[in-house]
>>> print(open('target.txt').read())   # compact mmCIF, C-alpha atoms
# COMPACT_ATOMS: atom_id res chain seq x y z
CA MET A 533 24.70 -120.59 32.84
CA THR A 534 28.15 -121.81 32.19
CA SER A 535 28.06 -122.47 28.49
CA HIS A 536 24.96 -120.75 27.28
CA GLY A 537 26.75 -117.93 25.64
CA SER A 538 29.21 -120.15 23.87
CA SER A 539 29.37 -119.98 20.14
CA GLY A 540 29.09 -122.86 17.77
CA PRO A 541 31.70 -123.65 15.16
CA ASN A 542 32.35 -121.00 12.53
CA GLU A 543 29.46 -118.79 13.54
CA PRO A 544 29.48 -115.28 12.13
CA HIS A 545 27.57 -112.76 14.16
CA ASP A 546 26.63 -110.33 11.45
CA ILE A 547 24.02 -112.35 9.58
CA ASP A 548 21.26 -110.29 8.08
CA PRO A 549 18.24 -111.20 10.22
CA PHE A 550 15.85 -110.75 7.32
CA THR A 551 17.42 -113.53 5.33
CA VAL A 552 16.46 -116.21 7.86
CA THR A 553 13.05 -117.65 7.28
CA ASP A 554 11.55 -120.74 8.81
CA ASP A 555 11.70 -123.91 6.78
CA VAL A 556 8.02 -124.74 6.79
CA ALA A 557 8.49 -128.38 5.87
CA LEU A 558 11.00 -128.90 8.65
CA VAL A 559 8.74 -127.15 11.16
CA ALA A 560 5.92 -129.50 10.23
CA ARG A 561 8.16 -132.54 10.35
CA MET A 562 9.58 -131.68 13.76
CA ARG A 563 6.22 -130.86 15.29
CA ALA A 564 4.81 -134.09 13.91
CA SER A 565 7.68 -135.97 15.53
CA TYR A 566 6.95 -134.23 18.83
CA ASP A 567 3.31 -135.20 18.56
CA SER A 568 4.02 -138.79 17.63
CA LEU A 569 6.49 -139.44 20.43
CA PRO A 570 4.76 -141.66 22.98
CA SER A 571 3.94 -139.77 26.14
CA PRO A 572 5.73 -140.77 29.32
CA ASP A 573 3.51 -142.85 31.52
CA ALA A 574 2.38 -141.82 34.97
CA ALA A 575 4.84 -144.17 36.64
CA GLN A 576 7.76 -142.44 34.94
CA ILE A 577 6.59 -139.03 36.10
CA ALA A 578 5.99 -140.30 39.62
CA ARG A 579 9.44 -141.87 39.62
CA CYS A 580 10.93 -138.51 38.76
CA THR A 581 9.00 -136.70 41.48
CA THR A 582 9.87 -139.15 44.24
CA ALA A 583 13.52 -139.29 43.19
CA VAL A 584 13.79 -135.50 43.16
CA LEU A 585 12.18 -135.07 46.56
CA SER A 586 14.24 -137.87 48.05
CA GLU A 587 17.51 -136.62 46.63
CA ALA A 588 16.77 -133.02 47.53
CA MET A 589 16.24 -134.15 51.11
CA HIS A 590 19.61 -135.89 51.16
CA ALA A 591 21.88 -133.65 49.15
CA PRO A 592 23.05 -130.35 50.58
CA ALA A 593 22.50 -127.79 47.85
CA ARG A 594 26.13 -126.80 47.77
CA ARG A 595 27.10 -130.36 46.98
CA LEU A 596 24.64 -130.70 44.17
CA GLY A 597 26.14 -132.85 41.50
CA GLY A 598 28.65 -134.23 43.93
CA SER A 599 28.74 -137.71 45.31
CA ARG A 600 25.37 -139.35 45.28
CA ARG A 601 24.13 -142.58 46.59
CA PRO A 602 24.45 -145.43 44.14
CA ARG A 603 21.22 -146.50 42.50
CA TRP A 604 21.70 -150.21 42.66
CA TRP A 605 19.35 -150.27 45.59
CA TRP A 606 16.50 -149.37 43.33
CA GLY A 607 14.31 -152.37 43.02
CA ALA A 608 15.61 -154.01 46.14
CA ALA A 609 13.13 -155.69 48.37
CA ALA A 610 10.67 -153.24 49.79
CA ALA A 611 11.08 -152.78 53.48
CA ALA A 612 8.50 -152.34 56.12
CA ALA A 613 7.93 -148.75 57.08
CA LEU A 614 8.95 -149.17 60.64
CA VAL A 615 10.65 -146.51 62.64
CA VAL A 616 12.52 -146.91 65.86
CA SER A 617 11.67 -144.65 68.71
CA VAL A 618 14.59 -144.41 71.01
CA SER A 619 13.83 -143.64 74.61
CA THR A 620 14.75 -140.22 75.91
CA VAL A 621 16.02 -140.76 79.40
CA ALA A 622 19.39 -139.28 80.18
CA ILE A 623 21.21 -142.54 79.74
CA ARG A 624 19.11 -144.51 77.36
CA ARG A 625 18.76 -148.18 77.13
CA GLY A 626 20.54 -149.66 74.19
CA ARG A 627 18.37 -151.04 71.43
CA THR A 628 19.93 -153.91 69.61
CA THR A 629 18.15 -154.58 66.40
CA ALA A 630 18.76 -158.30 66.40
CA GLU A 631 20.57 -160.98 68.21
CA MET A 632 23.64 -162.23 66.46
CA PRO A 633 22.35 -165.15 64.37
CA GLY A 634 25.47 -167.22 64.32
CA GLY A 635 27.47 -164.54 62.58
CA VAL A 636 25.85 -165.10 59.19
CA GLN A 637 24.59 -161.60 58.58
CA PRO A 638 25.37 -158.11 59.74
CA VAL A 639 23.76 -156.94 62.91
CA GLY A 640 23.39 -153.34 63.88
CA ALA A 641 22.38 -151.43 66.96
CA THR A 642 21.66 -147.85 67.89
CA THR A 643 22.14 -146.46 71.35
CA GLU A 644 21.46 -142.95 72.54
CA ARG A 645 23.50 -141.29 75.22
CA GLY A 646 22.64 -137.70 75.86
CA ASP A 647 22.62 -135.90 72.53
CA THR A 648 24.74 -138.54 70.88
CA THR A 649 23.55 -141.61 69.04
CA ARG A 650 25.96 -144.49 68.71
CA PHE A 651 25.74 -146.84 65.79
CA ASP A 652 27.24 -150.32 66.08
CA LEU A 653 27.59 -152.84 63.32
CA THR A 654 28.87 -156.40 63.54
CA LEU A 655 29.89 -157.88 60.23
CA PRO A 656 30.25 -161.59 59.47
CA SER A 657 33.14 -160.96 57.13
CA THR A 658 36.34 -159.03 57.44
CA ALA A 659 36.12 -155.47 56.25
CA ARG A 660 38.97 -153.02 55.91
CA GLU A 661 36.86 -149.97 56.58
CA VAL A 662 33.25 -149.13 57.29
CA ALA A 663 31.56 -145.76 57.12
CA LEU A 664 28.28 -144.53 58.47
CA VAL A 665 26.25 -142.51 55.98
CA GLY A 666 22.92 -140.83 56.41
CA ASP A 667 20.86 -137.77 55.81
CA PHE A 668 22.72 -136.15 58.71
CA ASN A 669 26.05 -136.17 56.84
CA GLY A 670 24.83 -135.80 53.28
CA TRP A 671 25.34 -139.53 52.60
CA ASP A 672 29.03 -138.75 52.41
CA GLU A 673 31.11 -141.90 52.64
CA ARG A 674 34.08 -139.97 54.00
CA ALA A 675 32.32 -137.96 56.67
CA THR A 676 31.83 -140.53 59.43
CA PRO A 677 34.26 -143.44 59.40
CA MET A 678 33.44 -146.16 61.93
CA VAL A 679 36.04 -147.48 64.33
CA ARG A 680 36.54 -151.16 64.96
CA ARG A 681 36.42 -152.05 68.62
CA PRO A 682 39.29 -154.30 69.63
CA ASN A 683 37.32 -156.31 72.16
CA ASP A 684 34.46 -157.63 70.01
CA GLY A 685 35.37 -156.57 66.49
CA ALA A 686 32.22 -154.51 66.03
CA TRP A 687 32.35 -151.27 64.06
CA SER A 688 31.15 -148.22 65.93
CA ALA A 689 30.53 -144.52 65.39
CA ALA A 690 28.85 -141.91 67.53
CA VAL A 691 27.26 -138.80 66.06
CA PRO A 692 25.26 -135.97 67.60
CA LEU A 693 21.75 -136.09 66.21
CA PRO A 694 19.00 -133.56 66.76
CA PRO A 695 15.50 -134.83 67.52
CA GLY A 696 13.70 -136.15 64.48
CA ARG A 697 13.77 -139.06 62.10
CA HIS A 698 17.07 -139.89 60.48
CA MET A 699 17.84 -142.34 57.72
CA TYR A 700 21.15 -144.08 57.55
CA ALA A 701 23.10 -146.96 56.02
CA PHE A 702 26.61 -148.36 56.08
CA VAL A 703 29.31 -148.43 53.41
CA VAL A 704 31.78 -151.30 53.56
CA ASP A 705 35.23 -150.86 52.03
CA GLY A 706 34.12 -147.74 50.24
CA LYS A 707 31.86 -149.44 47.77
CA LYS A 708 29.31 -151.82 49.25
CA TRP A 709 26.26 -150.09 50.63
CA LEU A 710 24.66 -152.09 53.37
CA VAL A 711 21.34 -151.93 55.12
CA ASP A 712 21.02 -153.76 58.39
CA PRO A 713 18.45 -156.35 57.30
CA LEU A 714 16.96 -156.73 60.74
CA ALA A 715 16.89 -153.10 61.77
CA PRO A 716 13.83 -150.98 61.23
CA GLN A 717 13.78 -149.77 57.69
CA VAL A 718 12.02 -147.23 55.56
CA LEU A 719 11.68 -147.19 51.83
CA ASP A 720 13.88 -144.37 50.64
CA LYS A 721 11.91 -143.74 47.50
CA GLY A 722 14.68 -142.60 45.25
CA TYR A 723 16.94 -145.52 45.95
CA GLY A 724 15.43 -148.31 47.96
CA PRO A 725 15.58 -149.22 51.60
CA ALA A 726 17.49 -147.44 54.30
CA ASN A 727 17.50 -147.89 58.02
CA ALA A 728 15.74 -145.32 60.12
CA VAL A 729 16.02 -144.08 63.62
CA VAL A 730 13.92 -141.50 65.42
CA VAL A 731 15.53 -139.39 68.06
CA ASP A 732 12.88 -137.99 70.34
CA GLY A 733 13.07 -134.54 71.80
CA PRO A 734 13.76 -133.95 75.47
CA MET B 1442 -3.83 -123.41 40.44
CA THR B 1443 -1.30 -121.18 38.69
CA ASP B 1444 2.39 -121.95 38.40
CA ALA B 1445 3.18 -119.03 40.69
CA GLU B 1446 0.89 -120.40 43.37
CA LEU B 1447 2.46 -123.83 43.07
CA VAL B 1448 5.92 -122.28 43.39
CA LEU B 1449 4.85 -120.45 46.54
CA ARG B 1450 3.52 -123.66 48.03
CA THR B 1451 6.70 -125.50 47.08
CA ARG B 1452 8.75 -122.87 48.84
CA ALA B 1453 6.55 -123.33 51.88
CA GLY B 1454 7.49 -127.01 51.91
CA ASP B 1455 4.52 -128.59 50.17
CA PRO B 1456 5.94 -131.51 48.14
CA ASP B 1457 2.61 -132.12 46.41
CA ALA B 1458 2.80 -128.66 44.86
CA PHE B 1459 6.13 -129.46 43.28
CA GLY B 1460 4.73 -132.80 42.15
CA THR B 1461 2.00 -130.91 40.33
CA LEU B 1462 4.60 -128.76 38.58
CA VAL B 1463 6.48 -131.89 37.52
CA SER B 1464 3.29 -133.45 36.18
CA ARG B 1465 2.41 -130.25 34.36
CA TYR B 1466 5.73 -129.87 32.53
CA TYR B 1467 7.22 -133.33 32.35
CA ASP B 1468 5.67 -134.13 28.99
CA ALA B 1469 6.94 -130.95 27.31
CA CYS B 1470 10.40 -131.39 28.77
CA TRP B 1471 10.38 -135.04 27.75
CA ARG B 1472 9.75 -134.28 24.09
CA PHE B 1473 12.50 -131.68 23.96
CA ALA B 1474 15.06 -133.79 25.84
CA TYR B 1475 14.36 -136.89 23.77
CA HIS B 1476 14.86 -135.01 20.52
CA MET B 1477 18.03 -133.42 21.90
CA LEU B 1478 19.54 -136.64 23.19
CA GLY B 1479 17.98 -139.34 21.01
CA GLU B 1480 17.83 -141.80 23.91
CA ARG B 1481 14.92 -142.40 26.25
CA ALA B 1482 17.07 -143.41 29.22
CA ASP B 1483 19.28 -140.34 28.84
CA ALA B 1484 16.24 -138.10 28.51
CA GLU B 1485 14.73 -139.53 31.67
CA ASP B 1486 17.97 -138.96 33.59
CA VAL B 1487 18.25 -135.40 32.32
CA LEU B 1488 14.67 -134.64 33.31
CA GLN B 1489 15.30 -135.95 36.80
CA ASP B 1490 18.43 -133.82 37.14
CA SER B 1491 16.64 -130.79 35.73
CA PHE B 1492 13.69 -131.02 38.08
CA LEU B 1493 16.06 -131.60 40.99
CA ARG B 1494 17.96 -128.44 40.13
CA ALA B 1495 14.72 -126.56 39.71
CA TYR B 1496 13.54 -127.74 43.10
CA LEU B 1497 16.78 -126.74 44.82
CA ALA B 1498 16.79 -123.36 43.07
CA ILE B 1499 13.09 -122.63 43.52
CA ASP B 1500 13.85 -119.73 45.86
CA ARG B 1501 15.71 -118.01 43.05
CA TYR B 1502 12.85 -118.26 40.57
CA ASP B 1503 11.50 -114.83 39.69
CA GLU B 1504 7.71 -114.89 39.43
CA ARG B 1505 7.85 -112.30 36.68
CA ASP B 1506 9.32 -114.98 34.41
CA GLN B 1507 7.29 -117.77 32.87
CA PHE B 1508 7.93 -120.92 34.88
CA ARG B 1509 8.15 -122.94 31.69
CA GLY B 1510 10.87 -120.68 30.30
CA TRP B 1511 12.80 -120.79 33.57
CA LEU B 1512 12.54 -124.59 33.63
CA PHE B 1513 13.63 -124.88 30.01
CA ARG B 1514 16.67 -122.77 30.76
CA ILE B 1515 17.71 -125.41 33.28
CA LEU B 1516 16.73 -128.20 30.92
CA THR B 1517 18.74 -126.92 27.96
CA ASN B 1518 21.77 -126.57 30.20
CA GLN B 1519 21.37 -130.09 31.54
CA CYS B 1520 21.02 -131.45 28.00
CA ARG B 1521 24.30 -129.75 27.09
CA ASN B 1522 25.98 -131.22 30.14
CA ALA B 1523 24.67 -134.67 29.28
CA LEU B 1524 25.94 -134.38 25.72
CA THR B 1525 29.32 -133.23 26.93
CA SER B 1526 29.69 -136.13 29.31
CA ARG B 1527 28.40 -138.51 26.67
CA GLY B 1528 30.94 -137.16 24.20
CA ARG B 1529 33.64 -138.05 26.64
CA ARG B 1530 32.37 -141.60 26.87
CA THR B 1531 31.41 -142.51 23.35
CA ARG B 1532 29.82 -141.34 20.18
CA ARG B 1533 26.24 -142.47 20.36
CA PHE B 1534 25.36 -141.43 16.83
CA VAL B 1535 27.23 -143.02 14.00
CA GLN B 1536 28.64 -140.44 11.65
CA ASP B 1537 27.60 -142.28 8.53
CA GLU B 1538 25.73 -139.95 6.28
CA ILE B 1539 25.87 -142.26 3.29
CA ALA B 1540 24.08 -144.98 5.18
CA LEU B 1541 21.54 -142.50 6.43
CA GLU B 1542 20.84 -141.04 3.02
CA SER B 1543 20.47 -144.46 1.45
CA ALA B 1544 18.05 -145.57 4.15
CA PRO B 1545 14.44 -145.87 3.07
CA ALA B 1546 12.38 -142.77 3.68
CA PRO B 1547 9.92 -142.99 6.52
CA PRO B 1548 6.29 -143.29 5.52
CA LEU B 1549 4.34 -140.11 5.09
CA GLY B 1550 2.03 -139.42 7.98
CA LEU B 1551 3.45 -140.77 11.17
CA ALA B 1552 1.51 -143.32 13.11
CA THR B 1553 0.48 -142.17 16.54
CA GLY B 1554 2.80 -143.47 19.20
CA VAL B 1555 5.74 -144.01 16.87
CA GLU B 1556 8.38 -141.33 16.89
CA ASP B 1557 10.06 -140.16 13.72
CA ALA B 1558 13.21 -142.24 14.08
CA ALA B 1559 14.79 -140.94 10.89
CA LEU B 1560 14.37 -137.35 12.03
CA VAL B 1561 15.68 -138.07 15.51
CA HIS B 1562 18.68 -139.81 14.01
CA ALA B 1563 19.35 -136.95 11.62
CA LEU B 1564 19.06 -134.44 14.45
CA GLY B 1565 21.72 -136.42 16.24
CA LEU B 1566 24.12 -135.74 13.39
CA LEU B 1567 23.82 -131.99 13.77
CA ASP B 1568 26.04 -129.83 15.89
CA PRO B 1569 24.33 -129.81 19.32
CA LEU B 1570 23.97 -126.03 19.32
CA GLN B 1571 22.28 -126.15 15.92
CA ARG B 1572 20.04 -128.97 17.11
CA GLU B 1573 19.09 -127.01 20.22
CA ALA B 1574 18.31 -123.87 18.21
CA LEU B 1575 16.23 -125.82 15.68
CA LEU B 1576 14.18 -127.51 18.38
CA LEU B 1577 13.56 -124.29 20.26
CA LYS B 1578 12.60 -122.43 17.09
CA TYR B 1579 10.73 -125.01 15.05
CA ALA B 1580 9.34 -127.46 17.57
CA GLU B 1581 8.89 -125.20 20.61
CA GLY B 1582 7.86 -122.22 18.50
CA LEU B 1583 9.94 -119.67 20.42
CA GLU B 1584 10.88 -116.25 19.12
CA TYR B 1585 14.56 -115.46 18.75
CA GLY B 1586 14.37 -113.02 21.65
CA GLU B 1587 13.00 -115.74 23.91
CA MET B 1588 15.67 -118.15 22.72
CA SER B 1589 18.34 -115.60 23.42
CA ALA B 1590 17.09 -115.06 26.97
CA MET B 1591 16.96 -118.80 27.49
CA THR B 1592 20.33 -119.75 26.05
CA GLY B 1593 22.39 -116.62 26.57
CA ALA B 1594 23.41 -116.63 22.91
CA GLY B 1595 22.90 -113.59 20.70
CA GLU B 1596 20.00 -113.50 18.27
CA SER B 1597 22.30 -113.36 15.23
CA ALA B 1598 24.15 -116.44 16.37
CA LEU B 1599 20.87 -118.23 16.98
CA LYS B 1600 19.60 -117.33 13.54
CA MET B 1601 22.76 -118.66 11.99
CA ARG B 1602 22.40 -121.89 13.95
CA VAL B 1603 18.84 -122.29 12.72
CA LYS B 1604 19.82 -121.48 9.15
CA ARG B 1605 22.75 -123.86 9.03
CA GLY B 1606 20.94 -126.50 11.02
CA SER B 1607 18.01 -126.33 8.60
CA GLU B 1608 20.28 -126.69 5.61
CA ARG B 1609 22.08 -129.63 7.11
CA LEU B 1610 18.90 -131.34 8.23
CA ARG B 1611 17.38 -130.88 4.79
CA ALA B 1612 20.45 -132.42 3.25
CA LEU B 1613 20.07 -135.40 5.54
CA ILE B 1614 16.36 -136.04 5.22
CA GLY B 1615 15.37 -133.81 2.34
CA ARG B 1616 14.06 -136.49 0.03
CA SER B 1617 11.38 -137.47 2.49
CA LEU B 1618 10.34 -133.87 3.08
CA ASP B 1619 9.11 -132.76 -0.31
>>> encode(input="target.txt", output="C-alpha cells")
Amino acid sequence: MTSHGSSGPNEPHDIDPFTVTDDVALVARMRASYDSLPSPDAAQIARCTTAVLSEAMHAPARRLGGSRRPRWWWGAAAAAALVVSVSTVAIRRGRTTAEMPGGVQPVGATTERGDTTRFDLTLPSTAREVALVGDFNGWDERATPMVRRPNDGAWSAAVPLPPGRHMYAFVVDGKKWLVDPLAPQVLDKGYGPANAVVVDGP
Amino acid sequence: MTDAELVLRTRAGDPDAFGTLVSRYYDACWRFAYHMLGERADAEDVLQDSFLRAYLAIDRYDERDQFRGWLFRILTNQCRNALTSRGRRTRRFVQDEIALESAPAPPLGLATGVEDAALVHALGLLDPLQREALLLKYAEGLEYGEMSAMTGAGESALKMRVKRGSERLRALIGRSLD
C-alpha cells in the first residue's frame, strides 16, 4: 500500500473523536446516488472477467503494470478458433501457413526442429525491425527480435517452446502489431485475434 | 458458495470461480469507483485493473479477512493511482464553484437509473482523500476502524477528512439538501 498512509492537506491528528458525527442528509444523498446509478450490464462484467483472465495469462506477475499489449485489436474481426498441431518427428516438416499471394500481404510460417520452433514472416513492405511476441515471452516487444534473412528477405526467429498451445503475434517497427491473416488464429479475448501454435509433446 | 470456497477454487485454477467473484462484487466496486472518479470509462478501467491485481495476488489473500474488504483495499489504491495519473494529464473537473453553486438544484427524489450528477460533480471538487473517506463512511457504511485497516490512515485523520469533506460538500450542494 504505497500511499495509503499518506495524509491529506493540513490534517491535524488530534481531533476529538466525539465531535465528529455523521451528516445524516449527506449520508442519505450519497446512498441515494449509489442506488440510482445504473447497474453495469452483464456484458461489461463479462468483459472485465475475460480481460482479467486473458491478461493474467499473458503478464508475468512481476511485470504487472509494465508493458501491455495495445488494445486497438479489440473489436477486430473475430478469427476462427483454429489451432495448428505441429508434427512431432525429430525433424519436423515445415508448415507454411499460406502461399505468397503476390506479395500483397504478410505470410508467416512455423517450423519445429527438435525443441525449437522457428517463426518466419514475409512482409510486403519494408520494415526496419520486426519482433516476435507471445505468451512465451510476456508479449515483450524487446525480448525476441527477428532477424532478416539476406537470401529471401523474410524475418525469422527461433525460440524453444515447451509442449502446449502458444499464442503469438508480430510487432513491426516497434508499434504495429500484426497477426498473420492466413495463419491459424484464436480469439484472444482481452484484445482480439492472435495466432496460435500447438507444440505437441514427444 | 462462499467467497472463501471461490477463492480456493480460483487458486486451484478454476477460472469460473473467479468469474463468480467478479460477478458478485463488480456492482459494489462499480458504484464506489464511479463516485470516486466521476467517469464511467475510468471506473471500468480501474475495476479491470483492480480485479486483475486481485487475481494475481489471490494466493496472498488471508481467508480470515472479508474478501470484500480485501478487494476494496485494492480498489481504493487503484482509484488513487488513476487520479494521480489523471492529474498529470489534465484536470477533469472544472474548479468553478460559482458556476456549480448557481446551477439549478437537482429535483428531489432521484429517478431510478439516473445518477445524481450534481453530487458526483461536487464530489469531484473535493480533495481525493476527503472524497474517499466520505464514500467509505457515508455510502459504504464502514466504521472508522475498518476504514483505517483498509486505507492505512489513522482514525483521527479519517475523521478529520470526513468532517472537512462533509463541510465542503455541504457548502457545494447544501441548498438542495435541506
>>> residues_around(input="target.txt", residues="Phe1513 of chain B", least_positions_apart="2", cutoff="10 Å", atoms="all atoms listed in the file", output="ChimeraX atom specification")
/B:1466,1469-1470,1473-1474,1491,1495,1507-1511,1515-1519,1577,1591-1592
>>> residues_around(input="target.txt", residues="Ser1464 of chain B", least_positions_apart="4", cutoff="12 Å", atoms="all atoms listed in the file", output="list in words")
Ser571, Pro572, Asp573, Ala574, Ala575, Gln576, Ile577, Ala578, Arg579, Cys580, Thr581 and Thr582 of chain A; Asp1444, Leu1447, Asp1457, Ala1458, Phe1459, Gly1460, Asp1468, Ala1469, Cys1470, Trp1471, Leu1488 and Phe1492 of chain B
>>> atom_distance(input="target.txt", atom1="atom CA of Leu1610 of chain B", atom2="atom CA of Tyr1579 of chain B")
12.4 Å
>>> atom_distance(input="target.txt", atom1="atom CA of Glu1480 of chain B", atom2="atom CA of Ala1558 of chain B")
10.9 Å
>>> residues_around(input="target.txt", residues="Ala1574 of chain B", least_positions_apart="6", cutoff="10 Å", atoms="all atoms listed in the file", output="PyMOL selection string")
chain B and resi 1580-1581+1583+1585+1588-1589+1592+1598-1604+1606-1607
>>> closest_residue(input="target.txt", among="B:Leu1478, B:Leu1497, B:Val1448, B:Leu1524", to="chain A", atoms="only C-alpha atoms")
B:Leu1497
